[in-house]
$ cat upload.cif   # mmCIF, C-alpha atoms and all ligand atoms
data_work
loop_
_atom_site.label_atom_id
_atom_site.label_comp_id
_atom_site.auth_asym_id
_atom_site.auth_seq_id
_atom_site.Cartn_x
_atom_site.Cartn_y
_atom_site.Cartn_z
CA MET O 207 -207.96 -95.64 -84.42
CA LYS O 208 -211.69 -95.19 -84.74
CA ASN O 209 -213.70 -95.95 -87.86
CA LEU O 210 -210.80 -96.89 -90.10
CA LYS O 211 -211.35 -99.83 -92.43
CA LEU O 212 -209.25 -99.43 -95.54
CA ALA O 213 -206.39 -97.32 -94.17
CA THR O 214 -205.40 -99.75 -91.42
CA ARG O 215 -202.42 -101.97 -91.87
CA GLU O 216 -202.40 -105.73 -91.73
CA LEU O 217 -199.16 -107.60 -91.07
CA ASP O 218 -196.56 -106.61 -93.66
CA GLN O 219 -199.00 -104.87 -95.99
CA ARG O 220 -197.47 -101.78 -97.68
CA THR O 221 -198.92 -99.77 -100.52
CA ILE O 222 -196.55 -98.86 -103.34
CA ILE O 223 -197.83 -96.24 -105.73
CA LYS O 224 -196.53 -96.39 -109.29
CA ILE O 225 -196.40 -93.12 -111.19
CA SER O 226 -194.67 -93.65 -114.57
CA ASN O 227 -191.16 -94.79 -113.61
CA VAL O 228 -191.46 -93.66 -109.96
CA GLU O 229 -192.60 -95.91 -107.12
CA ILE O 230 -193.68 -94.11 -103.96
CA GLY O 231 -193.29 -96.46 -101.03
CA ARG O 232 -190.17 -98.13 -102.41
CA GLY O 233 -186.89 -96.29 -101.95
CA PHE O 234 -186.94 -92.56 -101.25
CA THR O 235 -188.79 -90.26 -103.63
CA VAL O 236 -187.77 -86.63 -103.95
CA ILE O 237 -190.40 -84.21 -105.26
CA ALA O 238 -189.10 -80.69 -105.95
CA GLY O 239 -190.06 -77.53 -107.76
CA PRO O 240 -191.42 -74.07 -107.14
CA CYS O 241 -194.25 -73.23 -104.78
CA SER O 242 -196.24 -71.83 -107.68
CA VAL O 243 -195.97 -71.79 -111.43
CA GLU O 244 -195.17 -68.16 -112.31
CA SER O 245 -193.90 -68.02 -115.88
CA GLU O 246 -192.54 -70.20 -118.64
CA GLU O 247 -188.95 -69.25 -117.86
CA GLN O 248 -189.33 -69.76 -114.11
CA MET O 249 -191.05 -73.15 -114.49
CA PHE O 250 -188.69 -74.59 -117.09
CA GLU O 251 -185.50 -73.31 -115.41
CA SER O 252 -186.63 -74.64 -112.04
CA ALA O 253 -187.64 -77.99 -113.57
CA ARG O 254 -184.31 -78.41 -115.34
CA ALA O 255 -182.43 -77.56 -112.15
CA VAL O 256 -184.28 -80.09 -109.97
CA LYS O 257 -183.96 -82.77 -112.64
CA ALA O 258 -180.21 -82.16 -112.91
CA ALA O 259 -179.87 -82.46 -109.12
CA GLY O 260 -181.64 -85.84 -109.13
CA ALA O 261 -185.27 -85.12 -108.21
CA ASP O 262 -187.77 -87.87 -109.09
CA MET O 263 -190.88 -85.72 -109.52
CA LEU O 264 -191.77 -82.09 -110.20
CA ARG O 265 -194.08 -79.88 -108.14
CA GLY O 266 -195.71 -76.54 -108.93
CA GLY O 267 -198.96 -74.92 -107.83
CA ALA O 268 -201.39 -73.50 -110.37
CA PHE O 269 -204.05 -72.81 -107.73
CA LYS O 270 -202.65 -71.28 -104.55
CA PRO O 271 -204.66 -71.32 -101.32
CA ARG O 272 -203.30 -68.02 -99.97
CA THR O 273 -203.93 -66.60 -96.51
CA SER O 274 -204.71 -63.21 -98.08
CA PRO O 275 -207.23 -62.86 -100.93
CA TYR O 276 -204.96 -60.14 -102.38
CA ALA O 277 -201.91 -62.40 -102.68
CA PHE O 278 -200.99 -64.12 -105.97
CA GLN O 279 -203.55 -66.88 -106.51
CA GLY O 280 -201.78 -68.86 -109.22
CA LEU O 281 -202.01 -69.00 -113.02
CA GLY O 282 -204.73 -71.65 -113.19
CA LEU O 283 -205.00 -73.49 -116.51
CA ARG O 284 -202.03 -71.62 -118.00
CA GLY O 285 -199.92 -72.69 -115.02
CA LEU O 286 -201.03 -76.29 -115.36
CA LYS O 287 -200.06 -76.32 -119.02
CA LEU O 288 -196.60 -74.92 -118.25
CA LEU O 289 -196.09 -77.43 -115.44
CA SER O 290 -197.19 -80.26 -117.67
CA GLN O 291 -194.83 -79.16 -120.48
CA ALA O 292 -191.92 -78.80 -118.04
CA GLY O 293 -192.70 -82.28 -116.68
CA LYS O 294 -192.69 -83.74 -120.19
CA GLU O 295 -189.44 -82.03 -121.15
CA THR O 296 -187.63 -83.26 -118.05
CA GLY O 297 -189.37 -86.65 -117.89
CA LEU O 298 -190.56 -85.92 -114.35
CA PRO O 299 -194.12 -86.80 -113.29
CA ILE O 300 -195.95 -83.78 -111.86
CA VAL O 301 -197.71 -82.99 -108.58
CA THR O 302 -200.10 -80.06 -108.32
CA GLU O 303 -202.66 -78.85 -105.82
CA VAL O 304 -206.38 -78.79 -106.49
CA ILE O 305 -208.52 -76.61 -104.22
CA ASP O 306 -212.01 -76.75 -105.70
CA PRO O 307 -214.12 -79.88 -106.24
CA ARG O 308 -215.37 -78.38 -109.53
CA ASP O 309 -211.82 -78.38 -110.93
CA VAL O 310 -210.83 -81.93 -110.00
CA SER O 311 -211.74 -83.76 -113.21
CA TRP O 312 -209.94 -81.42 -115.59
CA VAL O 313 -206.93 -80.86 -113.32
CA ALA O 314 -206.61 -84.66 -113.13
CA GLU O 315 -206.16 -84.72 -116.91
CA PHE O 316 -202.87 -82.83 -116.47
CA ALA O 317 -201.61 -83.95 -113.07
CA ASP O 318 -199.93 -87.25 -112.30
CA VAL O 319 -200.60 -86.64 -108.59
CA LEU O 320 -203.32 -84.39 -107.11
CA GLN O 321 -202.26 -82.54 -103.97
CA ILE O 322 -204.73 -81.72 -101.21
CA GLY O 323 -203.26 -78.92 -99.13
CA THR O 324 -203.26 -78.58 -95.37
CA ARG O 325 -206.14 -76.08 -95.42
CA ASN O 326 -208.33 -78.51 -97.33
CA MET O 327 -207.51 -81.74 -95.52
CA GLN O 328 -211.04 -81.91 -94.11
CA ASN O 329 -212.81 -80.55 -97.19
CA TYR O 330 -214.91 -83.67 -97.53
CA SER O 331 -216.50 -82.85 -100.88
CA LEU O 332 -213.00 -82.30 -102.31
CA LEU O 333 -211.80 -85.58 -100.80
CA LYS O 334 -214.74 -87.47 -102.30
CA GLU O 335 -214.12 -85.90 -105.68
CA VAL O 336 -210.41 -86.83 -105.80
CA GLY O 337 -211.42 -90.26 -104.50
CA GLN O 338 -213.47 -90.73 -107.65
CA THR O 339 -210.53 -90.10 -109.98
CA GLY O 340 -207.94 -92.78 -110.58
CA ARG O 341 -205.16 -90.30 -109.86
CA PRO O 342 -202.83 -90.73 -106.88
CA VAL O 343 -203.53 -88.16 -104.16
CA LEU O 344 -200.95 -86.44 -101.96
CA LEU O 345 -202.89 -85.71 -98.78
CA LYS O 346 -201.20 -83.14 -96.58
CA ARG O 347 -201.82 -83.22 -92.85
CA GLY O 348 -204.09 -80.44 -91.62
CA MET O 349 -202.05 -77.99 -89.55
CA TYR O 350 -204.38 -78.52 -86.58
CA SER O 351 -205.09 -82.20 -87.13
CA THR O 352 -204.39 -85.35 -85.19
CA LEU O 353 -203.14 -88.51 -86.86
CA GLU O 354 -206.60 -90.02 -86.38
CA GLU O 355 -208.31 -87.13 -88.15
CA TRP O 356 -205.75 -87.29 -90.94
CA LEU O 357 -206.19 -91.01 -91.48
CA ASN O 358 -209.95 -90.61 -91.51
CA CYS O 359 -209.50 -88.14 -94.37
CA ALA O 360 -207.39 -90.71 -96.21
CA GLU O 361 -210.26 -93.14 -95.57
CA TYR O 362 -212.63 -90.77 -97.41
CA ILE O 363 -210.47 -91.04 -100.53
CA LEU O 364 -209.94 -94.80 -100.20
CA SER O 365 -213.63 -95.46 -99.64
CA GLU O 366 -214.47 -93.74 -102.93
CA GLY O 367 -212.43 -96.42 -104.68
CA ASN O 368 -209.07 -94.67 -105.04
CA PRO O 369 -206.38 -96.75 -103.30
CA ASN O 370 -203.51 -94.41 -104.20
CA VAL O 371 -203.10 -92.12 -101.22
CA ILE O 372 -199.74 -90.65 -100.19
CA LEU O 373 -199.67 -88.95 -96.80
CA CYS O 374 -197.56 -85.83 -96.31
CA GLU O 375 -196.51 -84.47 -92.92
CA ARG O 376 -196.02 -80.71 -93.42
CA GLY O 377 -195.81 -79.44 -89.86
CA ILE O 378 -198.45 -78.55 -87.31
CA ARG O 379 -199.21 -75.36 -85.38
CA THR O 380 -197.65 -75.13 -81.94
CA PHE O 381 -196.65 -72.22 -79.66
CA GLU O 382 -193.28 -72.01 -81.44
CA THR O 383 -192.97 -69.06 -83.79
CA TYR O 384 -189.33 -69.34 -84.89
CA THR O 385 -190.28 -71.98 -87.42
CA ARG O 386 -193.33 -71.58 -89.65
CA ASN O 387 -194.80 -74.78 -88.20
CA THR O 388 -193.45 -77.62 -86.07
CA LEU O 389 -192.38 -80.70 -88.00
CA ASP O 390 -193.82 -83.79 -86.34
CA LEU O 391 -191.22 -86.33 -87.41
CA SER O 392 -192.61 -88.92 -85.02
CA ALA O 393 -195.62 -89.02 -87.32
CA VAL O 394 -193.50 -91.11 -89.71
CA PRO O 395 -192.96 -94.23 -87.56
CA ALA O 396 -196.43 -93.77 -86.02
CA ILE O 397 -198.10 -93.70 -89.44
CA LYS O 398 -196.03 -96.70 -90.53
CA GLU O 399 -197.43 -98.63 -87.58
CA LEU O 400 -201.01 -97.55 -88.21
CA THR O 401 -201.37 -97.74 -91.97
CA HIS O 402 -200.00 -99.34 -95.12
CA LEU O 403 -199.99 -95.99 -96.94
CA PRO O 404 -196.70 -94.26 -97.82
CA ILE O 405 -195.74 -91.08 -96.00
CA ILE O 406 -193.49 -88.26 -97.15
CA ILE O 407 -192.18 -85.17 -95.34
CA ASP O 408 -192.44 -81.54 -96.39
CA PRO O 409 -189.39 -79.90 -94.77
CA THR O 410 -190.20 -76.61 -96.54
CA HIS O 411 -193.61 -75.64 -95.16
CA SER O 412 -192.87 -77.24 -91.80
CA THR O 413 -189.80 -75.10 -91.11
CA GLY O 414 -190.25 -72.12 -93.43
CA ARG O 415 -186.50 -71.52 -93.18
CA VAL O 416 -183.98 -72.38 -95.88
CA ASN O 417 -181.23 -73.33 -93.40
CA LEU O 418 -183.40 -75.92 -91.69
CA ILE O 419 -184.59 -77.69 -94.83
CA GLY O 420 -181.37 -79.70 -95.44
CA PRO O 421 -181.13 -81.10 -91.90
CA MET O 422 -184.86 -81.94 -91.85
CA SER O 423 -184.61 -83.64 -95.26
CA LEU O 424 -181.88 -85.90 -93.90
CA ALA O 425 -183.93 -86.45 -90.75
CA ALA O 426 -186.83 -87.57 -92.97
CA VAL O 427 -184.59 -90.26 -94.47
CA ALA O 428 -183.43 -91.37 -91.02
CA ALA O 429 -187.02 -91.45 -89.69
CA GLY O 430 -187.98 -93.91 -92.43
CA ALA O 431 -190.11 -91.62 -94.58
CA ASP O 432 -190.84 -92.61 -98.18
CA GLY O 433 -189.75 -89.26 -99.55
CA ILE O 434 -189.82 -85.49 -99.32
CA ILE O 435 -191.45 -82.63 -101.15
CA VAL O 436 -189.39 -79.42 -101.25
CA GLU O 437 -189.68 -76.01 -102.82
CA VAL O 438 -186.91 -75.00 -105.22
CA HIS O 439 -186.97 -71.79 -107.27
CA TYR O 440 -184.40 -70.82 -109.90
CA ASP O 441 -184.29 -67.33 -108.38
CA PRO O 442 -185.92 -67.29 -104.90
CA ALA O 443 -185.70 -63.49 -104.56
CA LYS O 444 -188.19 -63.25 -107.44
CA ALA O 445 -190.63 -65.89 -106.14
CA LEU O 446 -194.25 -64.70 -106.01
CA CYS O 447 -195.12 -67.18 -103.28
CA ASP O 448 -193.19 -68.54 -100.27
CA ALA O 449 -189.97 -66.75 -101.31
CA ASP O 450 -188.34 -67.08 -97.86
CA GLN O 451 -188.41 -70.85 -97.88
CA ALA O 452 -187.41 -71.57 -101.49
CA LEU O 453 -184.10 -73.34 -102.00
CA THR O 454 -181.76 -72.23 -104.75
CA PRO O 455 -180.79 -74.97 -107.21
CA THR O 456 -177.29 -74.98 -105.68
CA ILE O 457 -178.52 -75.58 -102.13
CA PHE O 458 -180.92 -78.24 -103.37
CA LYS O 459 -178.09 -80.00 -105.18
CA ASP O 460 -175.96 -79.95 -102.00
CA ILE O 461 -178.82 -81.48 -100.02
CA MET O 462 -179.29 -84.21 -102.65
CA GLN O 463 -175.60 -85.05 -102.55
CA ARG O 464 -175.86 -85.79 -98.84
CA LEU O 465 -179.32 -87.32 -98.94
CA ARG O 466 -178.67 -90.12 -101.44
CA PRO O 467 -175.67 -91.63 -99.53
CA LEU O 468 -177.70 -91.48 -96.30
CA GLN O 469 -180.51 -93.29 -98.07
CA SER O 470 -178.10 -96.08 -99.16
CA PHE O 471 -176.75 -96.30 -95.62
CA MET O 472 -180.29 -96.63 -94.24
CA ASP O 473 -181.16 -99.28 -96.85
CA ASP O 474 -178.24 -101.38 -95.62
CA LEU O 475 -179.17 -101.19 -91.93
CA PRO O 476 -180.55 -104.43 -90.49
CA SER O 477 -184.32 -104.08 -90.06
C1 LIG I 1 -197.76 -75.93 -100.98
O1 LIG I 1 -197.38 -77.10 -101.09
O2 LIG I 1 -197.33 -74.99 -101.68
C2 LIG I 1 -198.72 -75.62 -99.90
C3 LIG I 1 -199.56 -74.58 -99.99
O3 LIG I 1 -198.61 -76.46 -98.86
P1 LIG I 1 -199.49 -76.57 -97.51
O4 LIG I 1 -200.86 -76.93 -97.96
O5 LIG I 1 -198.79 -77.66 -96.76
O6 LIG I 1 -199.39 -75.24 -96.81
MN MN I 2 -195.61 -73.19 -100.81
#
$ encode --input "upload.cif" --output "structure tokens" --more "lines below"
Ligand code: PEP
Ligand code: MN
Amino acid sequence: MKNLKLATRELDQRTIIKISNVEIGRGFTVIAGPCSVESEEQMFESARAVKAAGADMLRGGAFKPRTSPYAFQGLGLRGLKLLSQAGKETGLPIVTEVIDPRDVSWVAEFADVLQIGTRNMQNYSLLKEVGQTGRPVLLKRGMYSTLEEWLNCAEYILSEGNPNVILCERGIRTFETYTRNTLDLSAVPAIKELTHLPIIIDPTHSTGRVNLIGPMSLAAVAAGADGIIVEVHYDPAKALCDADQALTPTIFKDIMQRLRPLQSFMDDLPS
């Protein structure tokens, strides 16, 4: 891999990122919550549901990078406050996306983890800005990006002095249209070979289909990923963003009940 200095892996080096009581890179971390923060009721009900099902962290977007400028763009500061309150009530650290370099410093005051979305993976001024905060960064793979391009973007953050980068494979564009994107699961072992950084899977945006999210979550465990990030809404029919791919709390709970035993089984396998 060209030009990488800090992202490359040496011998058994592995980065473990501590966020309150969660350690990303040790065990299997489940991040769940709605695509976007929509209202107090929606955020708190969704947060309580994912906590009850055993999630480790809470997600929710306050700034939504939407394909259409007329689509719901997120609640901004009000959304961040609701997410932060729901995180405090449930005891779950929070992940939220930041899309504008000018917002990074104040969003970082609320967020435990700053998410860089697929559309912004190569937004270098945004990468430099999040690199200058001490906050862990969840760096999603660009939907048209190679592993080398992705790792170079991680390098931007690392080279600004922020060592806490979590990679997230969220599917890439291929000729297939049945799924929203194509989940590149082979990225997990490849990334593990190339870098010491943890990698999680987003089975939601990669498939875009509720019925495929459970199987791909289990596949993420089997592939050796460090976790998943999934969208769960207390009432998906009412979701203002990504309604077709939101899990109900019941489906999420079912997935968790199969995922945790698989995780224990994998932990016991000889390495
Ligand atoms: C999201 O997590 O809601 C999101 C917009 O993801 P992505 O950047 O992977 O499309
Ligand atoms: Mn979404």
$ residues_near_ligand --input "upload.cif" --ligand "ligand MN 2 (chain I)" --cutoff "8 Å" --atoms "only C-alpha atoms and all ligand atoms" --output "MDAnalysis selection string"
chainID O and resid 240:242 267 410:411 437 447:448
$ residues_near_ligand --input "upload.cif" --ligand "ligand LIG 1 (chain I)" --cutoff "10 Å" --atoms "all atoms listed in the file" --output "MDAnalysis selection string"
chainID O and resid 239:242 265:273 301:303 305 321:327 345:349 374:378 387 408:412 435:437 447:448
$ write_last_selection --input "upload.cif" --atoms "C-alpha atoms" --output "JSON list (two decimals), keeping the file's coordinate frame"
[["chain", "number", "residue", "atom", "x", "y", "z"],
["O", 239, "GLY", "CA", -190.06, -77.53, -107.76],
["O", 240, "PRO", "CA", -191.42, -74.07, -107.14],
["O", 241, "CYS", "CA", -194.25, -73.23, -104.78],
["O", 242, "SER", "CA", -196.24, -71.83, -107.68],
["O", 265, "ARG", "CA", -194.08, -79.88, -108.14],
["O", 266, "GLY", "CA", -195.71, -76.54, -108.93],
["O", 267, "GLY", "CA", -198.96, -74.92, -107.83],
["O", 268, "ALA", "CA", -201.39, -73.50, -110.37],
["O", 269, "PHE", "CA", -204.05, -72.81, -107.73],
["O", 270, "LYS", "CA", -202.65, -71.28, -104.55],
["O", 271, "PRO", "CA", -204.66, -71.32, -101.32],
["O", 272, "ARG", "CA", -203.30, -68.02, -99.97],
["O", 273, "THR", "CA", -203.93, -66.60, -96.51],
["O", 301, "VAL", "CA", -197.71, -82.99, -108.58],
["O", 302, "THR", "CA", -200.10, -80.06, -108.32],
["O", 303, "GLU", "CA", -202.66, -78.85, -105.82],
["O", 305, "ILE", "CA", -208.52, -76.61, -104.22],
["O", 321, "GLN", "CA", -202.26, -82.54, -103.97],
["O", 322, "ILE", "CA", -204.73, -81.72, -101.21],
["O", 323, "GLY", "CA", -203.26, -78.92, -99.13],
["O", 324, "THR", "CA", -203.26, -78.58, -95.37],
["O", 325, "ARG", "CA", -206.14, -76.08, -95.42],
["O", 326, "ASN", "CA", -208.33, -78.51, -97.33],
["O", 327, "MET", "CA", -207.51, -81.74, -95.52],
["O", 345, "LEU", "CA", -202.89, -85.71, -98.78],
["O", 346, "LYS", "CA", -201.20, -83.14, -96.58],
["O", 347, "ARG", "CA", -201.82, -83.22, -92.85],
["O", 348, "GLY", "CA", -204.09, -80.44, -91.62],
["O", 349, "MET", "CA", -202.05, -77.99, -89.55],
["O", 374, "CYS", "CA", -197.56, -85.83, -96.31],
["O", 375, "GLU", "CA", -196.51, -84.47, -92.92],
["O", 376, "ARG", "CA", -196.02, -80.71, -93.42],
["O", 377, "GLY", "CA", -195.81, -79.44, -89.86],
["O", 378, "ILE", "CA", -198.45, -78.55, -87.31],
["O", 387, "ASN", "CA", -194.80, -74.78, -88.20],
["O", 408, "ASP", "CA", -192.44, -81.54, -96.39],
["O", 409, "PRO", "CA", -189.39, -79.90, -94.77],
["O", 410, "THR", "CA", -190.20, -76.61, -96.54],
["O", 411, "HIS", "CA", -193.61, -75.64, -95.16],
["O", 412, "SER", "CA", -192.87, -77.24, -91.80],
["O", 435, "ILE", "CA", -191.45, -82.63, -101.15],
["O", 436, "VAL", "CA", -189.39, -79.42, -101.25],
["O", 437, "GLU", "CA", -189.68, -76.01, -102.82],
["O", 447, "CYS", "CA", -195.12, -67.18, -103.28],
["O", 448, "ASP", "CA", -193.19, -68.54, -100.27]]
$ residues_around --input "upload.cif" --residues "region 350-355 of chain O" --least-positions-apart "6" --cutoff "12 Å" --atoms "all atoms listed in the file" --output "MDAnalysis selection string"
chainID O and resid 207:210 213:214 324:328 330 361:362 373:380 387:388 390 392:401
$ atom_distance --input "upload.cif" --atom1 "CA of Ile225 (chain O)" --atom2 "CA of Leu403 (chain O)"
15.0 Å
$ residues_around --input "upload.cif" --residues "Val416 (chain O)" --least-positions-apart "6" --cutoff "12 Å" --atoms "all atoms listed in the file" --output "PDB file with C-alpha atoms, in the coordinates of the input"
ATOM      1  CA  THR O 385    -190.280 -71.980 -87.420  1.00  0.00           C
ATOM      2  CA  ARG O 386    -193.330 -71.580 -89.650  1.00  0.00           C
ATOM      3  CA  PRO O 409    -189.390 -79.900 -94.770  1.00  0.00           C
ATOM      4  CA  THR O 410    -190.200 -76.610 -96.540  1.00  0.00           C
ATOM      5  CA  MET O 422    -184.860 -81.940 -91.850  1.00  0.00           C
ATOM      6  CA  SER O 423    -184.610 -83.640 -95.260  1.00  0.00           C
ATOM      7  CA  VAL O 436    -189.390 -79.420-101.250  1.00  0.00           C
ATOM      8  CA  GLU O 437    -189.680 -76.010-102.820  1.00  0.00           C
ATOM      9  CA  VAL O 438    -186.910 -75.000-105.220  1.00  0.00           C
ATOM     10  CA  HIS O 439    -186.970 -71.790-107.270  1.00  0.00           C
ATOM     11  CA  PRO O 442    -185.920 -67.290-104.900  1.00  0.00           C
ATOM     12  CA  ASP O 448    -193.190 -68.540-100.270  1.00  0.00           C
ATOM     13  CA  ALA O 449    -189.970 -66.750-101.310  1.00  0.00           C
ATOM     14  CA  ASP O 450    -188.340 -67.080 -97.860  1.00  0.00           C
ATOM     15  CA  GLN O 451    -188.410 -70.850 -97.880  1.00  0.00           C
ATOM     16  CA  ALA O 452    -187.410 -71.570-101.490  1.00  0.00           C
ATOM     17  CA  LEU O 453    -184.100 -73.340-102.000  1.00  0.00           C
ATOM     18  CA  THR O 454    -181.760 -72.230-104.750  1.00  0.00           C
ATOM     19  CA  ILE O 457    -178.520 -75.580-102.130  1.00  0.00           C
ATOM     20  CA  PHE O 458    -180.920 -78.240-103.370  1.00  0.00           C
ATOM     21  CA  ILE O 461    -178.820 -81.480-100.020  1.00  0.00           C
TER      22      ILE O 461
END
$ atom_distance --input "upload.cif" --atom1 "CA of Gly367 (chain O)" --atom2 "CA of Pro342 (chain O)"
11.4 Å
$ residues_around --input "upload.cif" --residues "Asp262 (chain O)" --least-positions-apart "2" --cutoff "8 Å" --atoms "only C-alpha atoms" --output "list in words"
Val228, Thr235, Val236, Ile237, Ala238, Lys257, Gly260, Leu264, Leu298 and Pro299 of chain O
$ closest_atom_pairs --input "upload.cif" --of "region 419-446 of chain O" --to "region 465-469 of chain O" --cutoff "10 Å" --atoms "all atoms listed in the file" --output "CSV"
residue,atom,partner,partner_atom,distance
O:Gly420,CA,O:Leu465,CA,8.6
O:Pro421,CA,O:Leu465,CA,9.6
O:Ser423,CA,O:Leu465,CA,7.4
O:Leu424,CA,O:Leu465,CA,5.8
O:Ala425,CA,O:Leu465,CA,9.4
O:Ala426,CA,O:Leu465,CA,9.6
O:Val427,CA,O:Gln469,CA,6.2
O:Ala428,CA,O:Leu468,CA,7.8
O:Gly430,CA,O:Gln469,CA,9.4
$ atom_distance --input "upload.cif" --atom1 "CA of Glu335 (chain O)" --atom2 "CA of Val310 (chain O)"
6.7 Å
$ closest_residue --input "upload.cif" --among "O:Ile223, O:Gln248, O:Asn368, O:Val336" --to "Ala443 (chain O)" --atoms "only C-alpha atoms"
O:Gln248
$ closest_residue --input "upload.cif" --among "O:Lys211, O:Lys287, O:Phe471, O:Pro476" --to "Glu315 (chain O)" --atoms "all atoms listed in the file"
O:Lys287
$ closest_residue --input "upload.cif" --among "O:Gln219, O:Glu366, O:Val313, O:Ser477" --to "Ser331 (chain O)" --atoms "only C-alpha atoms"
O:Glu366
$ closest_residue --input "upload.cif" --among "O:Asn227, O:Leu217, O:Ile222, O:Glu382" --to "Pro369 (chain O)" --atoms "all atoms listed in the file"
O:Ile222
$ decode --input "upload.cif" --residues "region 261-267 of chain O" --atoms "all heavy atoms" --output "JSON list (two decimals), in the first residue's frame"
[["chain", "number", "residue", "atom", "x", "y", "z"],
["O", 261, "ALA", "N", -27.37, -3.66, 22.81],
["O", 261, "ALA", "CA", -26.41, -2.85, 22.04],
["O", 261, "ALA", "C", -25.38, -2.22, 22.98],
["O", 261, "ALA", "O", -25.65, -2.00, 24.17],
["O", 261, "ALA", "CB", -27.15, -1.75, 21.27],
["O", 262, "ASP", "N", -24.20, -1.93, 22.44],
["O", 262, "ASP", "CA", -23.12, -1.34, 23.24],
["O", 262, "ASP", "C", -23.03, 0.17, 23.08],
["O", 262, "ASP", "O", -22.52, 0.87, 23.94],
["O", 262, "ASP", "CB", -21.76, -1.92, 22.81],
["O", 262, "ASP", "CG", -21.73, -3.43, 22.90],
["O", 262, "ASP", "OD1", -21.87, -3.94, 24.03],
["O", 262, "ASP", "OD2", -21.63, -4.10, 21.85],
["O", 263, "MET", "N", -23.46, 0.65, 21.91],
["O", 263, "MET", "CA", -23.41, 2.09, 21.62],
["O", 263, "MET", "C", -24.65, 2.50, 20.85],
["O", 263, "MET", "O", -25.32, 1.66, 20.24],
["O", 263, "MET", "CB", -22.15, 2.43, 20.81],
["O", 263, "MET", "CG", -20.86, 2.24, 21.59],
["O", 263, "MET", "SD", -19.39, 2.66, 20.62],
["O", 263, "MET", "CE", -19.57, 4.40, 20.40],
["O", 264, "LEU", "N", -24.90, 3.82, 20.85],
["O", 264, "LEU", "CA", -26.11, 4.37, 20.23],
["O", 264, "LEU", "C", -25.72, 5.26, 19.05],
["O", 264, "LEU", "O", -24.81, 6.08, 19.15],
["O", 264, "LEU", "CB", -26.84, 5.20, 21.28],
["O", 264, "LEU", "CG", -28.17, 5.85, 20.91],
["O", 264, "LEU", "CD1", -29.22, 4.79, 20.60],
["O", 264, "LEU", "CD2", -28.64, 6.75, 22.07],
["O", 265, "ARG", "N", -26.43, 5.08, 17.91],
["O", 265, "ARG", "CA", -26.21, 5.95, 16.77],
["O", 265, "ARG", "C", -27.43, 6.84, 16.52],
["O", 265, "ARG", "O", -28.54, 6.54, 16.99],
["O", 265, "ARG", "CB", -25.89, 5.16, 15.49],
["O", 265, "ARG", "CG", -26.99, 4.24, 14.98],
["O", 265, "ARG", "CD", -26.89, 4.02, 13.46],
["O", 265, "ARG", "NE", -27.31, 5.21, 12.74],
["O", 265, "ARG", "CZ", -26.84, 5.59, 11.56],
["O", 265, "ARG", "NH1", -25.97, 4.86, 10.93],
["O", 265, "ARG", "NH2", -27.29, 6.69, 10.98],
["O", 266, "GLY", "N", -27.22, 7.90, 15.75],
["O", 266, "GLY", "CA", -28.32, 8.77, 15.37],
["O", 266, "GLY", "C", -27.72, 9.97, 14.64],
["O", 266, "GLY", "O", -26.77, 10.57, 15.13],
["O", 267, "GLY", "N", -28.26, 10.29, 13.47],
["O", 267, "GLY", "CA", -27.71, 11.38, 12.68],
["O", 267, "GLY", "C", -28.45, 12.68, 12.95],
["O", 267, "GLY", "O", -29.68, 12.72, 12.92]]
